[in-house]
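Data block for query.csv (CSV, C-alpha atoms and all ligand atoms):
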```
chain,number,residue,atom,x,y,z
A,333,MET,CA,-12.4,26.3,24.5
A,334,ARG,CA,-11.0,29.8,24.2
A,335,ARG,CA,-11.6,30.5,27.9
A,336,ALA,CA,-9.9,27.3,29.1
A,337,ALA,CA,-6.9,28.0,26.9
A,338,GLU,CA,-6.5,31.5,28.3
A,339,VAL,CA,-6.5,30.4,31.9
A,340,GLY,CA,-3.2,28.6,31.3
A,341,LYS,CA,0.1,30.2,31.1
A,342,MET,CA,0.1,32.6,28.2
A,343,ASP,CA,3.6,31.9,27.1
A,344,PHE,CA,3.0,31.8,23.4
A,345,LEU,CA,2.6,34.3,20.6
A,346,LYS,CA,-1.1,35.2,20.1
A,347,LEU,CA,-2.2,35.6,16.6
A,348,ASP,CA,-4.9,38.1,15.6
A,349,PHE,CA,-7.9,36.4,13.9
A,350,THR,CA,-10.3,39.4,14.2
A,351,ASP,CA,-10.4,39.9,10.5
A,352,PRO,CA,-10.8,36.4,8.8
A,353,LYS,CA,-10.3,37.9,5.4
A,354,LYS,CA,-6.7,38.6,6.2
A,355,TRP,CA,-6.0,34.9,6.5
A,356,GLN,CA,-5.5,32.8,3.4
A,357,LEU,CA,-5.4,29.0,3.4
A,358,ILE,CA,-2.0,27.9,2.0
A,359,ALA,CA,-1.7,24.2,3.0
A,360,ASN,CA,-3.5,21.4,4.6
A,361,VAL,CA,-1.9,20.0,7.8
A,362,LEU,CA,-1.8,16.5,9.3
A,363,GLN,CA,-0.5,16.7,12.8
A,364,TYR,CA,1.5,13.5,13.1
A,365,GLU,CA,5.0,12.4,12.9
A,366,SER,CA,5.6,9.7,10.3
A,367,SER,CA,7.7,7.9,12.9
A,368,GLU,CA,4.5,7.0,14.9
A,369,SER,CA,3.5,3.4,14.8
A,370,TRP,CA,0.2,3.9,13.0
A,371,TRP,CA,1.8,5.8,10.2
A,372,GLU,CA,3.1,2.8,8.4
A,373,GLU,CA,-0.4,1.5,8.0
A,374,TYR,CA,-2.4,4.7,7.5
A,375,GLY,CA,0.0,7.5,6.5
A,376,SER,CA,-0.6,7.3,2.8
A,377,TRP,CA,-4.3,6.7,3.3
A,378,ALA,CA,-4.5,9.9,5.5
A,379,ILE,CA,-2.8,12.0,2.9
A,380,ASP,CA,-5.1,10.6,0.1
A,381,GLU,CA,-8.1,11.2,2.3
A,382,MET,CA,-7.1,14.8,2.9
A,383,GLN,CA,-6.5,15.4,-0.7
A,384,SER,CA,-9.8,14.0,-1.7
A,385,ALA,CA,-11.5,16.1,1.0
A,386,HIS,CA,-10.5,19.3,-0.8
A,387,ASP,CA,-11.6,20.8,-4.1
A,388,VAL,CA,-8.3,22.6,-4.2
A,389,LYS,CA,-6.2,19.4,-4.1
A,390,SER,CA,-4.0,20.3,-7.0
A,391,MET,CA,-3.1,23.6,-5.5
A,392,LEU,CA,-2.4,23.0,-1.8
A,393,PRO,CA,0.4,21.1,-0.3
A,394,ILE,CA,0.0,18.8,2.7
A,395,TRP,CA,2.3,19.4,5.6
A,396,HIS,CA,2.8,16.8,8.3
A,397,GLY,CA,5.3,16.2,11.1
A,398,LYS,CA,8.4,18.4,10.8
A,399,GLN,CA,7.1,20.3,7.8
A,400,ILE,CA,4.6,22.1,10.0
A,401,LYS,CA,7.3,23.3,12.4
A,402,GLU,CA,9.5,24.4,9.6
A,403,ASN,CA,6.9,26.5,7.9
A,404,GLN,CA,4.7,28.0,10.7
A,405,THR,CA,5.3,31.2,12.7
A,406,LYS,CA,7.5,30.3,15.7
A,407,ASN,CA,6.4,30.4,19.3
A,408,THR,CA,2.7,30.3,18.5
A,409,ARG,CA,0.4,28.0,20.5
A,410,ASN,CA,0.5,25.3,17.9
A,411,TYR,CA,4.3,25.6,17.7
A,412,LYS,CA,4.6,25.1,21.5
A,413,LYS,CA,1.7,22.8,22.3
A,414,GLY,CA,0.5,21.4,19.0
A,415,THR,CA,-3.0,22.7,19.5
A,416,CYS,CA,-5.2,25.0,17.4
A,417,ASP,CA,-3.7,28.5,17.1
A,418,HIS,CA,-7.2,29.9,17.1
A,419,CYS,CA,-9.0,28.0,20.0
A,420,GLY,CA,-6.4,25.8,21.7
A,421,ALA,CA,-8.2,22.5,20.9
A,422,HIS,CA,-6.4,19.3,19.9
A,423,PHE,CA,-6.8,18.3,16.3
A,424,CYS,CA,-5.4,15.8,13.8
A,425,TYR,CA,-6.3,17.6,10.6
A,426,GLY,CA,-6.6,21.2,9.7
A,427,GLY,CA,-5.1,24.1,7.7
A,428,ALA,CA,-2.2,26.4,7.5
A,429,PHE,CA,-3.2,30.0,7.1
A,430,LYS,CA,-1.1,32.9,6.0
A,431,ASN,CA,-1.8,36.4,7.2
A,432,LEU,CA,-1.7,38.6,4.1
A,433,GLU,CA,-0.5,41.6,6.1
A,434,THR,CA,2.0,40.3,8.6
A,435,GLY,CA,3.1,37.1,6.8
A,436,GLN,CA,2.5,35.1,9.9
A,437,ILE,CA,1.5,31.5,9.4
A,438,ALA,CA,-1.1,30.0,11.7
A,439,ILE,CA,-2.0,26.3,12.1
A,440,VAL,CA,-5.7,25.9,12.8
A,441,GLY,CA,-7.8,22.8,13.4
A,442,ASN,CA,-10.4,22.0,10.8
A,443,ILE,CA,-13.4,23.2,12.9
A,444,CYS,CA,-12.1,26.7,13.4
A,445,ALA,CA,-10.9,26.7,9.8
A,446,SER,CA,-14.4,26.2,8.5
A,447,THR,CA,-16.5,28.0,11.1
A,448,VAL,CA,-14.3,31.0,12.1
A,449,LEU,CA,-12.1,31.6,9.2
A,450,ASN,CA,-15.0,30.6,6.9
A,451,LEU,CA,-13.0,28.3,4.7
A,452,THR,CA,-14.3,24.9,3.9
A,453,ILE,CA,-12.1,22.2,5.3
A,454,ASP,CA,-14.0,19.0,5.3
A,455,GLY,CA,-14.4,17.7,8.9
A,456,ARG,CA,-15.1,14.3,7.5
A,457,ALA,CA,-11.4,13.8,6.9
A,458,ASP,CA,-10.6,14.6,10.5
A,459,LYS,CA,-13.2,12.3,11.9
A,460,LEU,CA,-12.2,9.4,9.7
A,461,LEU,CA,-8.6,10.0,10.4
A,462,ARG,CA,-9.1,10.0,14.2
A,463,LYS,CA,-11.0,6.8,13.9
A,464,LYS,CA,-8.4,5.1,11.7
A,465,ILE,CA,-5.5,6.3,14.0
A,466,LYS,CA,-7.4,4.9,17.0
A,467,SER,CA,-7.9,1.5,15.5
A,468,ALA,CA,-4.4,1.4,14.1
A,469,LYS,CA,-3.0,2.2,17.6
A,470,THR,CA,-5.2,-0.4,19.3
A,471,ARG,CA,-4.2,-3.0,16.7
A,472,HIS,CA,-0.6,-2.1,17.2
A,473,GLU,CA,-0.9,-2.4,21.0
A,474,ASN,CA,-2.7,-5.7,20.7
A,475,LYS,CA,0.0,-7.1,18.5
A,476,ILE,CA,2.7,-6.1,21.0
A,477,ALA,CA,0.7,-7.6,23.8
A,478,ARG,CA,0.3,-10.9,21.9
A,479,GLU,CA,4.0,-11.1,21.1
A,480,GLN,CA,4.8,-10.6,24.8
A,481,ARG,CA,2.3,-13.3,25.8
A,482,LEU,CA,3.8,-15.6,23.2
A,483,LEU,CA,7.2,-15.1,24.8
A,484,LYS,CA,5.8,-15.7,28.3
A,485,ILE,CA,4.8,-19.2,27.2
A,486,GLU,CA,8.5,-20.0,27.4
A,487,THR,CA,8.4,-19.4,31.2
A,488,PHE,CA,5.4,-21.6,31.8
A,489,ASP,CA,5.7,-24.8,33.8
A,490,ALA,CA,7.0,-27.5,31.4
A,491,ASP,CA,3.8,-29.5,31.1
A,492,LEU,CA,1.6,-26.4,30.7
A,493,LYS,CA,4.0,-25.1,28.0
A,494,ALA,CA,4.0,-28.5,26.2
A,495,ALA,CA,0.2,-28.7,26.5
A,496,ILE,CA,-0.6,-25.2,25.2
A,497,LEU,CA,1.7,-25.8,22.1
A,498,LEU,CA,0.0,-29.1,21.3
A,499,ASP,CA,-1.3,-29.5,17.7
A,500,ASN,CA,-4.9,-30.0,18.8
A,501,TYR,CA,-7.8,-27.6,18.1
A,502,VAL,CA,-8.8,-27.3,21.7
A,503,CYS,CA,-5.3,-26.4,22.8
A,504,LYS,CA,-5.0,-24.0,19.9
A,505,SER,CA,-8.2,-22.3,20.9
A,506,ILE,CA,-7.0,-22.0,24.5
A,507,LYS,CA,-3.8,-20.6,23.2
A,508,GLN,CA,-5.6,-18.0,21.2
A,509,TYR,CA,-7.7,-17.1,24.2
A,510,TYR,CA,-4.5,-16.7,26.2
A,511,LEU,CA,-2.8,-14.6,23.5
A,512,ASN,CA,-5.9,-12.3,23.3
A,513,THR,CA,-6.5,-11.9,27.1
A,514,GLY,CA,-3.2,-12.8,28.8
A,515,ASP,CA,-5.2,-15.2,31.0
A,516,ILE,CA,-5.7,-19.0,31.3
A,517,THR,CA,-8.5,-20.2,33.6
A,518,ASP,CA,-8.1,-23.1,36.1
A,519,ARG,CA,-10.6,-25.1,34.0
A,520,GLN,CA,-8.5,-24.5,30.9
A,521,LYS,CA,-5.4,-25.6,32.7
A,522,THR,CA,-7.0,-28.8,33.8
A,523,LEU,CA,-8.2,-29.5,30.3
A,524,LEU,CA,-4.8,-28.7,28.8
A,525,ILE,CA,-3.0,-31.1,31.1
A,526,LYS,CA,-5.6,-33.9,30.4
A,527,LEU,CA,-5.0,-33.4,26.7
A,528,LEU,CA,-1.3,-33.5,27.1
A,529,GLU,CA,-1.5,-36.8,29.0
A,530,GLU,CA,-3.7,-38.2,26.3
A,531,SER,CA,-1.3,-37.1,23.6
A,532,ARG,CA,1.6,-38.6,25.4
A,533,ALA,CA,-0.2,-41.9,25.7
A,534,VAL,CA,-0.7,-41.9,21.9
A,535,GLN,CA,2.9,-40.9,21.3
A,536,GLU,CA,4.2,-43.8,23.3
A,537,LYS,CA,2.4,-46.2,20.9
A,538,LEU,CA,3.9,-44.6,17.8
A,539,PRO,CA,7.0,-46.0,16.1
A,540,ALA,CA,10.3,-44.2,16.8
A,541,PRO,CA,10.9,-41.4,14.2
A,542,ARG,CA,12.7,-42.4,11.1
A,543,LYS,CA,16.3,-41.3,10.6
A,544,ILE,CA,16.3,-39.8,7.2
A,545,ALA,CA,19.3,-37.8,6.1
A,546,VAL,CA,18.8,-34.1,5.5
A,547,GLU,CA,18.6,-33.0,1.9
A,548,GLU,CA,21.4,-30.4,1.7
A,549,GLY,CA,22.0,-27.6,-0.8
A,550,LYS,CA,21.1,-24.1,-2.0
A,551,GLY,CA,17.5,-23.6,-2.8
A,552,VAL,CA,16.1,-26.8,-1.4
A,553,GLU,CA,12.3,-27.0,-1.6
A,554,ILE,CA,10.9,-28.0,1.8
A,555,THR,CA,7.3,-29.2,2.5
A,556,GLY,CA,6.5,-30.2,6.0
A,557,SER,CA,5.0,-29.2,9.3
A,558,VAL,CA,6.0,-26.8,12.1
A,559,ILE,CA,7.0,-28.8,15.1
A,560,SER,CA,7.8,-25.9,17.5
A,561,ILE,CA,8.3,-22.2,17.5
A,562,LYS,CA,10.4,-20.1,19.8
A,563,TRP,CA,11.7,-16.5,20.0
A,564,LYS,CA,15.3,-15.7,20.5
A,565,GLU,CA,17.3,-12.5,21.0
A,566,GLY,CA,18.2,-10.7,17.8
A,567,PHE,CA,21.5,-9.0,17.1
A,568,ALA,CA,20.0,-5.5,17.3
A,569,PHE,CA,19.2,-4.1,20.7
A,570,ASN,CA,15.8,-5.2,21.9
A,571,SER,CA,15.1,-7.2,18.8
A,572,ARG,CA,13.8,-10.7,18.7
A,573,ILE,CA,13.8,-13.4,16.1
A,574,MET,CA,11.2,-16.1,15.7
A,575,MET,CA,12.7,-19.5,15.1
A,576,MET,CA,11.0,-22.7,14.0
A,577,LEU,CA,11.7,-26.4,13.9
A,578,VAL,CA,10.2,-28.0,10.8
A,579,GLU,CA,9.7,-31.7,10.0
A,580,SER,CA,9.9,-32.3,6.3
A,581,VAL,CA,7.4,-34.8,4.8
A,582,LYS,CA,10.6,-36.7,3.8
A,583,GLY,CA,11.3,-37.3,7.5
A,584,PHE,CA,14.3,-35.1,8.5
A,585,ARG,CA,14.1,-32.1,10.7
A,586,ILE,CA,15.5,-28.6,10.1
A,587,TYR,CA,15.8,-25.5,12.2
A,588,GLY,CA,16.0,-21.8,11.3
A,589,THR,CA,14.3,-18.4,11.2
A,590,VAL,CA,10.6,-18.1,10.4
A,591,PRO,CA,10.1,-16.3,7.1
A,592,LYS,CA,8.6,-12.8,7.5
A,593,SER,CA,5.5,-13.7,5.5
A,594,LEU,CA,4.6,-16.5,7.9
A,595,ILE,CA,5.1,-14.4,11.1
A,596,VAL,CA,2.3,-12.1,9.8
A,597,GLU,CA,0.0,-15.0,9.5
A,598,ASP,CA,0.4,-16.0,13.2
A,599,LEU,CA,2.2,-19.3,12.6
A,600,GLN,CA,1.3,-22.2,15.0
A,601,PRO,CA,3.0,-25.6,15.7
A,602,GLY,CA,1.3,-28.2,13.6
A,603,ASP,CA,0.8,-25.8,10.6
A,604,LYS,CA,1.7,-27.3,7.2
A,605,ILE,CA,4.1,-25.1,5.3
A,606,SER,CA,6.4,-25.1,2.3
A,607,PHE,CA,9.3,-22.9,1.5
A,608,THR,CA,12.7,-22.8,-0.3
A,609,ALA,CA,15.9,-22.4,1.7
A,610,ASN,CA,19.6,-23.1,1.8
A,611,VAL,CA,20.0,-26.2,4.0
A,612,GLU,CA,23.1,-27.6,5.9
A,613,LYS,CA,23.3,-30.9,7.8
A,614,SER,CA,24.2,-30.9,11.4
A,615,GLU,CA,27.6,-32.5,12.2
A,616,LYS,CA,26.2,-34.6,15.0
A,617,ASP,CA,23.0,-35.9,13.4
A,618,GLU,CA,22.5,-36.4,9.7
A,619,SER,CA,18.7,-36.3,10.2
A,620,PHE,CA,18.9,-32.8,11.6
A,621,GLY,CA,19.9,-29.6,9.8
A,622,PHE,CA,19.8,-25.9,9.7
A,623,PHE,CA,18.3,-23.7,7.1
A,624,LYS,CA,19.1,-20.2,6.0
A,625,ARG,CA,17.5,-17.6,3.7
A,626,PRO,CA,14.0,-19.1,3.8
A,627,ARG,CA,11.9,-17.7,0.9
A,628,LYS,CA,8.8,-18.4,-1.2
A,629,ALA,CA,7.1,-19.5,2.0
A,630,LYS,CA,3.4,-20.3,2.2
A,631,ARG,CA,1.0,-22.2,4.3
A,632,ASN,CA,-0.5,-25.3,2.8
B,701,ZN,ZN,-9.6,25.8,16.8
```
Written as structure tokens, how would this file's structure read?
Ligand SMILES: [Zn+2]
Amino acid sequence: MRRAAEVGKMDFLKLDFTDPKKWQLIANVLQYESSESWWEEYGSWAIDEMQSAHDVKSMLPIWHGKQIKENQTKNTRNYKKGTCDHCGAHFCYGGAFKNLETGQIAIVGNICASTVLNLTIDGRADKLLRKKIKSAKTRHENKIAREQRLLKIETFDADLKAAILLDNYVCKSIKQYYLNTGDITDRQKTLLIKLLEESRAVQEKLPAPRKIAVEEGKGVEITGSVISIKWKEGFAFNSRIMMMLVESVKGFRIYGTVPKSLIVEDLQPGDKISFTANVEKSEKDESFGFFKRPRKAKRN
């Protein structure tokens, strides 16, 4: 590691570690910005894990993100590249060491900290942390990919779109397969279209929907099923809002934003839900309305 680091451009301040006794551990460091996507999920976990990895938890602070830059000696390898000041390796978890003579502050990965500087920093925390970060990043990427695939359904051929959104367990499982992989096989397409045709044949035999007036007011309790879901552009740049059409068990239909708690649960057309919202009737059709401020939402 040392060799490889020295071959590169030596444009950073080299710190002298020849006498480990001169370096004193003054903080634990976690090399991530709290703005990174995984942080929301694991930031506090990582800090707890680091604290429990040390016997000196009550004494040492934990630096992460900007705190490291603010406290460390400027222009060192870690300052410029984010790697270990001792060996140049990448690390997530390590220690800040103060040189008792010069006052310099080095940022060192946990391996060098425990082997070279002879101070016990538990490598377990680093290992676990890397694993957690990796899985949080993968999960985050998958979530984004699934959202994009869900949006892409809007651009499907009309029949294929109608078929994949059908309230039918086969269609639902094909939809899940598509959301996970981004792919629909020809056999799945054929099957979807066949199921769509069957469902249309059944629909034709059903009586026309009842025209029941929308129940208006503030805090109306709605129980019903999701008829369709779509994404629309939000007000903020690059944001999207998930909308749903709901048919109440009483017979009327209302449209509005999907409550946050239901987005997390991967809401599907056909799902039975209940929630409370402020409801207004449409001017053109008394059996259709719009809801706002959905709350107390749950799946039934
Ligand atoms: Zn190192």
For this session: May I ask you to write as a ChimeraX atom specification all residues lying at most 9 Å from ligand ZN 701 (chain B), with all atoms listed in the file counted?
Result: /A:333-334,415-423,426,439-445,448
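Residue nearest Gln480 (chain A) within the list A:Lys630, A:Arg625, A:Lys354, A:Arg572: A:Arg572 [criterion: smallest interatomic distance, all atoms listed in the file].
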Exercise. Please, which residues are within 9 Å of (-5.6, 28.7, 1.7) by the file's coordinates, counting all atoms listed in the file, and could they come as a PyMOL selection string?
Worked result: chain A and resi 355-360+388+392+427-430+451
Emit the selected residues as a PDB file, in the frame of the given file, including C-alpha atoms.
```pdb
ATOM      1  CA  TRP A 355      -6.000  34.900   6.500  1.00  0.00           C
ATOM      2  CA  GLN A 356      -5.500  32.800   3.400  1.00  0.00           C
ATOM      3  CA  LEU A 357      -5.400  29.000   3.400  1.00  0.00           C
ATOM      4  CA  ILE A 358      -2.000  27.900   2.000  1.00  0.00           C
ATOM      5  CA  ALA A 359      -1.700  24.200   3.000  1.00  0.00           C
ATOM      6  CA  ASN A 360      -3.500  21.400   4.600  1.00  0.00           C
ATOM      7  CA  VAL A 388      -8.300  22.600  -4.200  1.00  0.00           C
ATOM      8  CA  LEU A 392      -2.400  23.000  -1.800  1.00  0.00           C
ATOM      9  CA  GLY A 427      -5.100  24.100   7.700  1.00  0.00           C
ATOM     10  CA  ALA A 428      -2.200  26.400   7.500  1.00  0.00           C
ATOM     11  CA  PHE A 429      -3.200  30.000   7.100  1.00  0.00           C
ATOM     12  CA  LYS A 430      -1.100  32.900   6.000  1.00  0.00           C
ATOM     13  CA  LEU A 451     -13.000  28.300   4.700  1.00  0.00           C
TER      14      LEU A 451
END
```
Problem set entry | Neighbour list for Glu579 (chain A) as an NGL selection string, cut-off 6 Å, all atoms listed in the file, skip fewer than 6 positions in-chain | :A and (556-557 or 585)
What does the file look like for those residues with C-alpha atoms, as a tab-separated table (two decimals), in the coordinates of the input?
```tsv
chain	number	residue	atom	x	y	z
A	556	GLY	CA	6.50	-30.20	6.00
A	557	SER	CA	5.00	-29.20	9.30
A	585	ARG	CA	14.10	-32.10	10.70
```
Exercise. Near Ala490 (chain A), within 12 Å and counting all atoms listed in the file, which residues show up once chain neighbours fewer than 6 positions away are dropped, as JSON, numbers by chain?
Worked result: {"A": [496, 497, 525, 528]}
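Distance annotation: of A:Ile379, A:Lys475, A:Ile561, A:Arg627, the residue with the minimal separation from Pro591 (chain A) is A:Arg627; atom set is only C-alpha atoms.
Proximity to Gln436 (chain A) was assessed for A:Ile573, A:Leu599, A:Ala533, A:Leu345 counting all atoms listed in the file; the smallest distance is recorded for A:Leu345.
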For this session: Please provide the set of residues having any atom within 12 Å of Gln520 (chain A), restricted to only C-alpha atoms, with same-chain residues fewer than 6 positions apart removed, written as a list in words.
Result: Leu492, Ala495, Ile496, Val502, Cys503, Lys504, Ser505, Ile506, Lys507, Tyr509, Tyr510, Lys526 and Leu527 of chain A
Can you write just those residues out, C-alpha atoms, as a short mmCIF file (atom, residue, chain, number, x, y, z; two decimals), keeping the file's coordinate frame?
```cif
data_model
loop_
_atom_site.label_atom_id
_atom_site.label_comp_id
_atom_site.auth_asym_id
_atom_site.auth_seq_id
_atom_site.Cartn_x
_atom_site.Cartn_y
_atom_site.Cartn_z
CA LEU A 492 1.60 -26.40 30.70
CA ALA A 495 0.20 -28.70 26.50
CA ILE A 496 -0.60 -25.20 25.20
CA VAL A 502 -8.80 -27.30 21.70
CA CYS A 503 -5.30 -26.40 22.80
CA LYS A 504 -5.00 -24.00 19.90
CA SER A 505 -8.20 -22.30 20.90
CA ILE A 506 -7.00 -22.00 24.50
CA LYS A 507 -3.80 -20.60 23.20
CA TYR A 509 -7.70 -17.10 24.20
CA TYR A 510 -4.50 -16.70 26.20
CA LYS A 526 -5.60 -33.90 30.40
CA LEU A 527 -5.00 -33.40 26.70
#
```
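For the pair CA of Arg409 (chain A) and CA of Gly397 (chain A), the separation is 15.9 Å.
For the choices A:Gly602, A:Glu433, A:Gly583, A:Val546, the atom-to-atom distance to Ile559 (chain A) is smallest for A:Gly602 when using only C-alpha atoms.
Closest to Glu365 (chain A) among A:Gly514, A:Lys537, A:Pro601, A:His396 is A:His396, based on all atoms listed in the file.
Considering the residues A:Leu482, A:Ile595, A:Ile605, A:Val611 and counting only C-alpha atoms, Lys628 (chain A) has its shortest atom-to-atom contact with A:Ile605.
You will find CA of Thr555 (chain A) at 6.7 Å from CA of Phe607 (chain A).
Note that the spacing between CA of Arg481 (chain A) and CA of Asp598 (chain A) amounts to 13.0 Å.
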